[in-house]
Amino acid sequence: MSERTNADVVQRGYEAFGRGDIPALLDLLTDDVEWTLQGPSVIPFAGTRHGHEGVAEFFSVLGETLDFEQFEPREYVAQGDTVVVVGFERSLSRATGRTIEQEWAHVNTLRDGKIAEFRAFEDTGAYVAALEPS
């Protein structure tokens, strides 16, 4: 696939997330997708998940944990089968009411026109500060 096509696939995924349309996002993933957000266990959506079921679980836990006030992919950089997305997030911890503000980078690797691997590089310290009980 071309770099432009790969970037379009990834952009459609972020648009689907923005609409809350997780089934549309899952349609853009390979069946054996690997989805990773590093972080300690206090971040309930951290870890590596596999396949559509694992990614659906990720978004379910994410939705139970955070309320998004702002989620902006700001830049898409495509090279070969890799698309890096740089963006910004402001969200609220449902458990503590604390705000999380962070810039992030997500690395998407595509195979045959679908996302086969997602790796999130985020401010896990901001998540921990917002999610940990006092």
# chains A, B, ... in the order shown; residues from 1 in each chain; ligands from 1
call {"tool": "select_by_dssp", "arguments": {"residues": "chain A", "states": "strand (DSSP E)", "output": "PyMOL selection string"}}
result
chain A and resi 29-37+47-50+66-79+82-93+99-111+114-121
call {"tool": "closest_atom_pairs", "arguments": {"of": "stretch 20-96 of chain A", "to": "stretch 7-11 of chain A", "cutoff": "8 Å", "atoms": "only C-alpha atoms", "output": "JSON lines"}}
result
{"residue": "A:Leu28", "atom": "CA", "partner": "A:Val9", "partner_atom": "CA", "distance": 6.9}
{"residue": "A:Tyr76", "atom": "CA", "partner": "A:Ala7", "partner_atom": "CA", "distance": 6.7}
{"residue": "A:Val77", "atom": "CA", "partner": "A:Ala7", "partner_atom": "CA", "distance": 7.5}
{"residue": "A:Ala78", "atom": "CA", "partner": "A:Ala7", "partner_atom": "CA", "distance": 6.1}
{"residue": "A:Val83", "atom": "CA", "partner": "A:Ala7", "partner_atom": "CA", "distance": 6.1}
call {"tool": "write_last_selection", "arguments": {"atoms": "all heavy atoms", "output": "mmCIF file, in the first residue's frame"}}
result
data_model
loop_
_atom_site.group_PDB
_atom_site.id
_atom_site.type_symbol
_atom_site.label_atom_id
_atom_site.label_comp_id
_atom_site.auth_asym_id
_atom_site.auth_seq_id
_atom_site.Cartn_x
_atom_site.Cartn_y
_atom_site.Cartn_z
ATOM 1 N N LEU A 28 -10.855 -1.722 10.694
ATOM 2 C CA LEU A 28 -9.606 -1.265 10.083
ATOM 3 C C LEU A 28 -8.392 -2.042 10.595
ATOM 4 O O LEU A 28 -7.266 -1.766 10.197
ATOM 5 C CB LEU A 28 -9.419 0.235 10.358
ATOM 6 C CG LEU A 28 -10.517 1.144 9.812
ATOM 7 C CD1 LEU A 28 -10.337 2.561 10.341
ATOM 8 C CD2 LEU A 28 -10.524 1.120 8.289
ATOM 9 N N TYR A 76 0.175 13.430 11.105
ATOM 10 C CA TYR A 76 0.322 12.060 10.602
ATOM 11 C C TYR A 76 1.611 12.016 9.783
ATOM 12 O O TYR A 76 1.775 12.801 8.854
ATOM 13 C CB TYR A 76 -0.855 11.675 9.708
ATOM 14 C CG TYR A 76 -2.169 11.584 10.442
ATOM 15 C CD1 TYR A 76 -2.925 12.725 10.710
ATOM 16 C CD2 TYR A 76 -2.668 10.362 10.869
ATOM 17 C CE1 TYR A 76 -4.141 12.644 11.376
ATOM 18 C CE2 TYR A 76 -3.881 10.272 11.547
ATOM 19 C CZ TYR A 76 -4.610 11.422 11.793
ATOM 20 O OH TYR A 76 -5.803 11.341 12.466
ATOM 21 N N VAL A 77 2.499 11.100 10.134
ATOM 22 C CA VAL A 77 3.764 10.955 9.417
ATOM 23 C C VAL A 77 3.839 9.505 8.936
ATOM 24 O O VAL A 77 3.895 8.584 9.748
ATOM 25 C CB VAL A 77 4.971 11.276 10.318
ATOM 26 C CG1 VAL A 77 6.269 11.126 9.551
ATOM 27 C CG2 VAL A 77 4.841 12.674 10.928
ATOM 28 N N ALA A 78 3.821 9.333 7.618
ATOM 29 C CA ALA A 78 3.838 7.990 7.042
ATOM 30 C C ALA A 78 5.185 7.717 6.387
ATOM 31 O O ALA A 78 5.730 8.567 5.679
ATOM 32 C CB ALA A 78 2.717 7.855 6.014
ATOM 33 N N VAL A 83 2.802 4.412 10.211
ATOM 34 C CA VAL A 83 2.205 5.744 10.313
ATOM 35 C C VAL A 83 2.278 6.160 11.776
ATOM 36 O O VAL A 83 1.716 5.499 12.652
ATOM 37 C CB VAL A 83 0.735 5.768 9.830
ATOM 38 C CG1 VAL A 83 0.146 7.169 9.985
ATOM 39 C CG2 VAL A 83 0.634 5.286 8.389
#
call {"tool": "closest_residue", "arguments": {"among": "A:Glu3, A:Gly113, A:Arg12, A:His106", "to": "A:Leu37", "atoms": "only C-alpha atoms"}}
result
A:His106
call {"tool": "residues_around", "arguments": {"residues": "stretch 84-92 of chain A", "least_positions_apart": "3", "cutoff": "12 Å", "atoms": "only C-alpha atoms", "output": "NGL selection string"}}
result
:A and (3 or 6-8 or 10-11 or 13-14 or 18 or 62-81 or 95-110 or 115 or 117-123 or 126-127 or 129-131)
call {"tool": "residues_around", "arguments": {"residues": "stretch 46-56 of chain A", "least_positions_apart": "3", "cutoff": "6 Å", "atoms": "only C-alpha atoms", "output": "ChimeraX atom specification"}}
result
/A:31-39,43,59
call {"tool": "select_by_dssp", "arguments": {"residues": "stretch 5-114 of chain A", "states": "alpha helix (DSSP H)", "output": "MDAnalysis selection string"}}
result
chainID A and resid 5:19 22:26 51:65
